[in-house]
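Text of model12.cif (mmCIF, C-alpha atoms, pLDDT in the B column; chains and numbers go by the auth columns) as supplied:
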data_input
#
loop_
_atom_site.group_PDB
_atom_site.id
_atom_site.type_symbol
_atom_site.label_atom_id
_atom_site.label_comp_id
_atom_site.label_asym_id
_atom_site.label_seq_id
_atom_site.Cartn_x
_atom_site.Cartn_y
_atom_site.Cartn_z
_atom_site.B_iso_or_equiv
_atom_site.auth_seq_id
_atom_site.auth_asym_id
ATOM 1 C CA MET A 1 20.897 -54.775 25.182 88.00 265 D
ATOM 2 C CA ARG A 2 17.644 -55.165 27.011 89.00 266 D
ATOM 3 C CA ALA A 3 19.089 -57.856 29.205 91.00 267 D
ATOM 4 C CA GLN A 4 22.044 -55.622 30.096 92.00 268 D
ATOM 5 C CA LEU A 5 19.720 -52.791 31.126 86.00 269 D
ATOM 6 C CA ARG A 6 17.666 -55.205 33.230 89.00 270 D
ATOM 7 C CA ARG A 7 20.821 -56.516 34.952 90.00 271 D
ATOM 8 C CA ALA A 8 22.058 -52.964 35.597 89.00 272 D
ATOM 9 C CA TRP A 9 18.689 -52.008 37.106 88.00 273 D
ATOM 10 C CA GLU A 10 18.503 -55.090 39.273 89.00 274 D
ATOM 11 C CA SER A 11 22.056 -54.564 40.498 89.00 275 D
ATOM 12 C CA ARG A 12 21.110 -51.209 42.036 89.00 276 D
ATOM 13 C CA LEU A 13 20.213 -50.839 45.670 91.00 277 D
ATOM 14 C CA PRO A 14 16.550 -50.144 46.477 90.00 278 D
ATOM 15 C CA ARG A 15 17.561 -46.680 47.663 93.00 279 D
ATOM 16 C CA ASP A 16 19.271 -45.926 44.280 90.00 280 D
ATOM 17 C CA LYS A 17 16.219 -47.244 42.435 89.00 281 D
ATOM 18 C CA ALA A 18 13.975 -44.886 44.443 92.00 282 D
ATOM 19 C CA ILE A 19 16.258 -41.896 43.722 93.00 283 D
ATOM 20 C CA ILE A 20 16.411 -42.702 39.986 91.00 284 D
ATOM 21 C CA ALA A 21 12.616 -43.160 39.854 91.00 285 D
ATOM 22 C CA ALA A 22 12.080 -39.834 41.699 94.00 286 D
ATOM 23 C CA LEU A 23 14.497 -38.014 39.353 94.00 287 D
ATOM 24 C CA ALA A 24 12.755 -39.528 36.327 93.00 288 D
ATOM 25 C CA ALA A 25 9.383 -38.396 37.679 95.00 289 D
ATOM 26 C CA VAL A 26 10.673 -34.851 38.345 95.00 290 D
ATOM 27 C CA LEU A 27 12.218 -34.727 34.880 95.00 291 D
ATOM 28 C CA GLY A 28 8.950 -35.961 33.337 94.00 292 D
ATOM 29 C CA ILE A 29 6.935 -33.353 35.242 96.00 293 D
ATOM 30 C CA PHE A 30 9.404 -30.612 34.233 96.00 294 D
ATOM 31 C CA LEU A 31 9.233 -31.604 30.550 95.00 295 D
ATOM 32 C CA TYR A 32 5.422 -31.718 30.691 96.00 296 D
ATOM 33 C CA VAL A 33 5.227 -28.245 32.279 95.00 297 D
ATOM 34 C CA TRP A 34 7.719 -26.862 29.728 96.00 298 D
ATOM 35 C CA LEU A 35 5.693 -28.347 26.872 95.00 299 D
ATOM 36 C CA VAL A 36 2.408 -26.907 28.190 95.00 300 D
ATOM 37 C CA HIS A 37 4.032 -23.503 28.747 96.00 301 D
ATOM 38 C CA SER A 38 5.468 -23.454 25.196 94.00 302 D
ATOM 39 C CA ALA A 39 2.117 -24.451 23.746 93.00 303 D
ATOM 40 C CA TRP A 40 0.361 -21.724 25.754 95.00 304 D
ATOM 41 C CA ARG A 41 2.810 -19.043 24.517 94.00 305 D
ATOM 42 C CA ALA A 42 2.455 -20.219 20.921 93.00 306 D
ATOM 43 C CA ARG A 43 -1.340 -20.147 21.294 93.00 307 D
ATOM 44 C CA ALA A 44 -1.219 -16.536 22.536 91.00 308 D
ATOM 45 C CA GLN A 45 1.018 -15.498 19.615 92.00 309 D
ATOM 46 C CA LEU A 46 -1.253 -17.242 17.123 91.00 310 D
ATOM 47 C CA HIS A 47 -4.296 -15.606 18.677 90.00 311 D
ATOM 48 C CA ALA A 48 -2.704 -12.172 18.217 89.00 312 D
ATOM 49 C CA SER A 49 -1.748 -12.894 14.603 92.00 313 D
ATOM 50 C CA VAL A 50 -5.235 -14.231 13.841 91.00 314 D
ATOM 51 C CA SER A 51 -6.730 -10.968 15.114 89.00 315 D
ATOM 52 C CA THR A 52 -4.363 -8.981 12.898 91.00 316 D
ATOM 53 C CA LEU A 53 -5.096 -11.160 9.885 93.00 317 D
ATOM 54 C CA ARG A 54 -8.845 -10.815 10.438 93.00 318 D
ATOM 55 C CA ALA A 55 -8.510 -7.024 10.531 93.00 319 D
ATOM 56 C CA GLN A 56 -6.461 -7.096 7.321 94.00 320 D
ATOM 57 C CA ALA A 57 -9.017 -9.363 5.652 94.00 321 D
ATOM 58 C CA ALA A 58 -11.849 -7.016 6.660 95.00 322 D
ATOM 59 C CA ARG A 59 -9.907 -4.052 5.267 95.00 323 D
ATOM 60 C CA LEU A 60 -9.264 -5.917 2.007 95.00 324 D
ATOM 61 C CA ASP A 61 -12.956 -6.815 1.739 95.00 325 D
ATOM 62 C CA GLN A 62 -13.876 -3.175 2.265 95.00 326 D
ATOM 63 C CA GLN A 63 -11.389 -2.055 -0.391 94.00 327 D
ATOM 64 C CA ALA A 64 -12.673 -4.689 -2.816 94.00 328 D
ATOM 65 C CA ASN A 65 -16.245 -3.500 -2.281 93.00 329 D
ATOM 66 C CA GLU A 66 -15.164 0.117 -2.856 93.00 330 D
ATOM 67 C CA TYR A 67 -13.288 -0.921 -5.995 91.00 331 D
ATOM 68 C CA SER A 68 -16.368 -2.738 -7.329 92.00 332 D
ATOM 69 C CA ARG A 69 -18.559 0.261 -6.549 90.00 333 D
ATOM 70 C CA LEU A 70 -16.191 2.628 -8.333 86.00 334 D
ATOM 71 C CA ARG A 71 -15.950 0.381 -11.378 87.00 335 D
ATOM 72 C CA ALA A 72 -19.732 0.166 -11.606 87.00 336 D
ATOM 73 C CA ALA A 73 -20.212 3.939 -11.240 80.00 337 D
ATOM 74 C CA PRO A 74 -20.685 5.892 -14.464 76.00 338 D
ATOM 75 C CA PRO A 75 -17.777 8.105 -15.517 65.00 339 D
ATOM 76 C CA PRO A 76 -18.021 11.707 -14.377 60.00 340 D
ATOM 77 C CA ALA A 77 -19.864 13.947 -16.765 58.00 341 D
ATOM 78 C CA THR A 78 -17.851 16.503 -18.678 53.00 342 D
ATOM 79 C CA SER A 79 -18.251 20.097 -17.671 53.00 343 D
ATOM 80 C CA PRO A 80 -20.912 21.960 -19.632 57.00 344 D
ATOM 81 C CA THR A 81 -18.685 25.043 -19.812 67.00 345 D
ATOM 82 C CA ASP A 82 -16.302 25.451 -22.690 83.00 346 D
ATOM 83 C CA LEU A 83 -12.794 24.131 -22.261 87.00 347 D
ATOM 84 C CA ARG A 84 -11.153 27.585 -22.325 90.00 348 D
ATOM 85 C CA THR A 85 -13.130 28.748 -19.276 89.00 349 D
ATOM 86 C CA LEU A 86 -12.428 25.488 -17.478 88.00 350 D
ATOM 87 C CA LEU A 87 -8.672 25.696 -18.115 91.00 351 D
ATOM 88 C CA GLN A 88 -8.510 29.342 -17.042 91.00 352 D
ATOM 89 C CA ALA A 89 -10.170 28.422 -13.747 90.00 353 D
ATOM 90 C CA ARG A 90 -7.752 25.530 -13.202 91.00 354 D
ATOM 91 C CA ILE A 91 -4.761 27.729 -14.075 91.00 355 D
ATOM 92 C CA GLY A 92 -5.885 30.208 -11.418 90.00 356 D
ATOM 93 C CA GLU A 93 -6.393 27.445 -8.839 90.00 357 D
ATOM 94 C CA ALA A 94 -2.916 26.069 -9.518 90.00 358 D
ATOM 95 C CA GLY A 95 -1.300 29.491 -9.212 90.00 359 D
ATOM 96 C CA LEU A 96 0.031 29.442 -12.779 90.00 360 D
ATOM 97 C CA SER A 97 -1.860 32.559 -13.953 90.00 361 D
ATOM 98 C CA ARG A 98 1.251 34.746 -13.479 92.00 362 D
ATOM 99 C CA ALA A 99 3.016 32.653 -16.149 91.00 363 D
ATOM 100 C CA LEU A 100 0.059 32.484 -18.577 93.00 364 D
ATOM 101 C CA VAL A 101 0.827 34.529 -21.689 94.00 365 D
ATOM 102 C CA ARG A 102 -2.094 33.571 -23.859 94.00 366 D
ATOM 103 C CA ILE A 103 -4.997 31.125 -24.083 94.00 367 D
ATOM 104 C CA ASP A 104 -6.981 30.609 -27.281 92.00 368 D
ATOM 105 C CA ALA A 105 -10.009 28.417 -27.899 90.00 369 D
ATOM 106 C CA LEU A 106 -9.776 26.560 -31.207 88.00 370 D
ATOM 107 C CA ASP A 107 -13.305 25.214 -30.604 86.00 371 D
ATOM 108 C CA VAL A 108 -15.362 24.097 -27.591 83.00 372 D
ATOM 109 C CA ASN A 109 -13.157 21.037 -26.968 86.00 373 D
ATOM 110 C CA HIS A 110 -9.701 22.282 -28.091 92.00 374 D
ATOM 111 C CA VAL A 111 -7.620 25.021 -26.452 94.00 375 D
ATOM 112 C CA THR A 112 -4.094 26.293 -27.017 95.00 376 D
ATOM 113 C CA ALA A 113 -2.291 27.793 -24.012 95.00 377 D
ATOM 114 C CA THR A 114 1.052 29.578 -23.945 95.00 378 D
ATOM 115 C CA PHE A 115 2.995 29.977 -20.718 94.00 379 D
ATOM 116 C CA GLY A 116 6.105 32.087 -20.076 91.00 380 D
ATOM 117 C CA ALA A 117 8.590 31.092 -17.409 91.00 381 D
ATOM 118 C CA LEU A 118 7.132 28.561 -14.971 92.00 382 D
ATOM 119 C CA PRO A 119 8.599 25.684 -12.927 93.00 383 D
ATOM 120 C CA PHE A 120 8.494 22.421 -14.833 93.00 384 D
ATOM 121 C CA ALA A 121 7.310 20.484 -11.757 92.00 385 D
ATOM 122 C CA ASP A 122 4.304 22.833 -11.389 92.00 386 D
ATOM 123 C CA TRP A 123 3.486 22.417 -15.076 91.00 387 D
ATOM 124 C CA GLN A 124 3.690 18.657 -14.840 93.00 388 D
ATOM 125 C CA ALA A 125 1.483 18.516 -11.728 93.00 389 D
ATOM 126 C CA TRP A 126 -1.094 20.802 -13.355 92.00 390 D
ATOM 127 C CA VAL A 127 -1.281 18.682 -16.522 93.00 391 D
ATOM 128 C CA ALA A 128 -1.705 15.561 -14.358 92.00 392 D
ATOM 129 C CA SER A 129 -4.554 17.232 -12.434 91.00 393 D
ATOM 130 C CA LEU A 130 -6.404 17.867 -15.710 90.00 394 D
ATOM 131 C CA GLN A 131 -6.797 14.127 -16.233 88.00 395 D
ATOM 132 C CA THR A 132 -9.477 14.042 -13.516 86.00 396 D
ATOM 133 C CA LEU A 133 -11.504 16.409 -15.715 85.00 397 D
ATOM 134 C CA GLN A 134 -10.989 14.164 -18.750 88.00 398 D
ATOM 135 C CA VAL A 135 -8.773 16.800 -20.367 91.00 399 D
ATOM 136 C CA ARG A 136 -5.593 15.552 -21.981 92.00 400 D
ATOM 137 C CA LEU A 137 -2.512 17.189 -23.400 92.00 401 D
ATOM 138 C CA ASP A 138 -2.770 16.778 -27.160 93.00 402 D
ATOM 139 C CA THR A 139 0.423 18.486 -28.334 94.00 403 D
ATOM 140 C CA GLY A 140 3.067 20.456 -26.527 93.00 404 D
ATOM 141 C CA ARG A 141 6.310 22.316 -26.979 94.00 405 D
ATOM 142 C CA ILE A 142 8.534 22.865 -23.971 93.00 406 D
ATOM 143 C CA GLU A 143 11.629 25.076 -24.030 94.00 407 D
ATOM 144 C CA ALA A 144 14.101 25.270 -21.182 91.00 408 D
ATOM 145 C CA HIS A 145 15.127 28.662 -19.770 89.00 409 D
ATOM 146 C CA SER A 146 18.600 29.611 -18.657 89.00 410 D
ATOM 147 C CA THR A 147 17.326 29.440 -15.064 88.00 411 D
ATOM 148 C CA PRO A 148 17.352 25.783 -13.982 90.00 412 D
ATOM 149 C CA GLY A 149 13.888 24.304 -13.578 88.00 413 D
ATOM 150 C CA LEU A 150 12.011 26.982 -15.513 92.00 414 D
ATOM 151 C CA VAL A 151 10.414 26.299 -18.896 94.00 415 D
ATOM 152 C CA SER A 152 8.240 27.990 -21.499 94.00 416 D
ATOM 153 C CA VAL A 153 5.335 25.917 -22.758 95.00 417 D
ATOM 154 C CA THR A 154 2.963 26.035 -25.689 95.00 418 D
ATOM 155 C CA ALA A 155 0.360 23.288 -25.484 95.00 419 D
ATOM 156 C CA THR A 156 -2.908 22.172 -27.041 95.00 420 D
ATOM 157 C CA PHE A 157 -5.458 20.500 -24.781 94.00 421 D
ATOM 158 C CA THR A 158 -8.367 18.331 -25.828 94.00 422 D
ATOM 159 C CA ARG A 159 -11.436 17.307 -23.840 88.00 423 D
ATOM 160 C CA ALA A 160 -12.538 13.699 -24.248 77.00 424 D
ATOM 161 C CA ASN A 161 -16.044 13.338 -25.645 68.00 425 D
#
Will you turn the file into structure tokens for me?
Amino acid sequence: MRAQLRRAWESRLPRDKAIIAALAAVLGIFLYVWLVHSAWRARAQLHASVSTLRAQAARLDQQANEYSRLRAAPPPATSPTDLRTLLQARIGEAGLSRALVRIDALDVNHVTATFGALPFADWQAWVASLQTLQVRLDTGRIEAHSTPGLVSVTATFTRAN
């Protein structure tokens, strides 16, 4: 095979050899330029992604530090006021006072509240907001009204000690 290629090359005229050599050189230069250009584009894309990844890593480090700080912090102290007063204030803030029928303190850390017709979604959001105060729903009775979405609720709340 090598001998055949050598014979084919030697059978060419010097002018044909020069043209083939020039075309090979141009093709080589073109391939080299294309390779350098592709590498340069890939480098620019990688540089952009590295910057993005560094920003994400910094944000994750910041979140991890915040998480560690929050875990090390002592739990929030319970309110010195009695639970009945605290719940009445939260009911007013949530706009549920129009539906409040009755609120009775069983002791400092136990309260029973009775609500008339109120939207279930508002009730659920209010109970969830009490968790930040370390107040949990101990028992509850929910009755649906004929109007869709409205409920009557009787519930007992307990403050964690």
Would you work out the distance separating atom CA of D:Leu364 from atom CA of D:Phe379, expressed in Å to one decimal? 4.4 Å
Residue contacts of D:Leu347 (8 Å, only C-alpha atoms) excluding same-chain residues fewer than 2 positions away, as a PDB file with C-alpha atoms, in the coordinates of the input:
ATOM      1  CA  THR D 345     -18.685  25.043 -19.812  1.00 67.00           C
ATOM      2  CA  THR D 349     -13.130  28.748 -19.276  1.00 89.00           C
ATOM      3  CA  LEU D 350     -12.428  25.488 -17.478  1.00 88.00           C
ATOM      4  CA  LEU D 351      -8.672  25.696 -18.115  1.00 91.00           C
ATOM      5  CA  ALA D 369     -10.009  28.417 -27.899  1.00 90.00           C
ATOM      6  CA  VAL D 372     -15.362  24.097 -27.591  1.00 83.00           C
ATOM      7  CA  ASN D 373     -13.157  21.037 -26.968  1.00 86.00           C
ATOM      8  CA  HIS D 374      -9.701  22.282 -28.091  1.00 92.00           C
ATOM      9  CA  VAL D 375      -7.620  25.021 -26.452  1.00 94.00           C
ATOM     10  CA  ARG D 423     -11.436  17.307 -23.840  1.00 88.00           C
TER      11      ARG D 423
END
Students should find that atom CA of D:Leu414 and atom CA of D:Asp371 are spaced 29.5 Å
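In this model, the gap between atom CA of D:Ser410 and atom CA of D:Ala353 comes to 29.2 Å.
Residue nearest D:Asp386 within the list D:Pro338, D:Gly292, D:Pro278, D:Gly359: D:Gly359 [criterion: smallest interatomic distance, all atoms listed in the file].
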Where's the centre, and what are the edge lengths in Å to one decimal, of a box along x, y and z enclosing all listed atoms of stretch 276-285 of chain D padded 5 Å per side, as AutoDock Vina command-line options?
--center_x 16.9 --center_y -46.6 --center_z 43.8 --size_x 18.5 --size_y 19.3 --size_z 17.8
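With distances restricted to only C-alpha atoms, D:Gly380 is the closest residue to D:His409 from D:Arg270, D:Gln352, D:Gly380, D:Asp280.
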Among D:Ile355, D:Leu317, D:Ile293, D:Val417, D:Leu394 is approached most closely, using all atoms listed in the file, by D:Ile355
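Proximity to D:Arg400 was assessed for D:Ser332, D:Thr420, D:Gln326, D:Glu357 counting all atoms listed in the file; the smallest distance is recorded for D:Thr420.
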Counting all atoms listed in the file, find residues at most 10 Å from (3.5, 18.1, -27.9) (file frame) and give them as a PyMOL selection string. chain D and resi 401-406+417-421
Check which residues satisfy the PyMOL selection byres ((chain D and resi 367) around 6) in the file shown, then give them as an MDAnalysis selection string. chainID D and resid 366 368 376:377
If you count only C-alpha atoms, the residue of D:Ala381, D:Leu287, D:Ala336, D:Leu397 closest to D:Leu360 turns out to be D:Ala381
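Among D:Ala358, D:Leu299, D:Ala392, D:Pro383, the residue with the shortest atom-to-atom distance to D:Glu407, counting only C-alpha atoms, is D:Pro383.
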Might you pull out every residue within 9 Å of D:Phe384, with only C-alpha atoms counted and same-chain residues fewer than 4 positions away left off, and present them as JSON, numbers by chain? {"D": [388, 389, 408, 413, 414, 415, 416]}
Write out the residues from the selection above, keeping C-alpha atoms, as a PDB file, in the frame of the given file.
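Result file part19.pdb:
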ATOM      1  CA  GLN D 388       3.690  18.657 -14.840  1.00 93.00           C
ATOM      2  CA  ALA D 389       1.483  18.516 -11.728  1.00 93.00           C
ATOM      3  CA  ALA D 408      14.101  25.270 -21.182  1.00 91.00           C
ATOM      4  CA  GLY D 413      13.888  24.304 -13.578  1.00 88.00           C
ATOM      5  CA  LEU D 414      12.011  26.982 -15.513  1.00 92.00           C
ATOM      6  CA  VAL D 415      10.414  26.299 -18.896  1.00 94.00           C
ATOM      7  CA  SER D 416       8.240  27.990 -21.499  1.00 94.00           C
TER       8      SER D 416
END
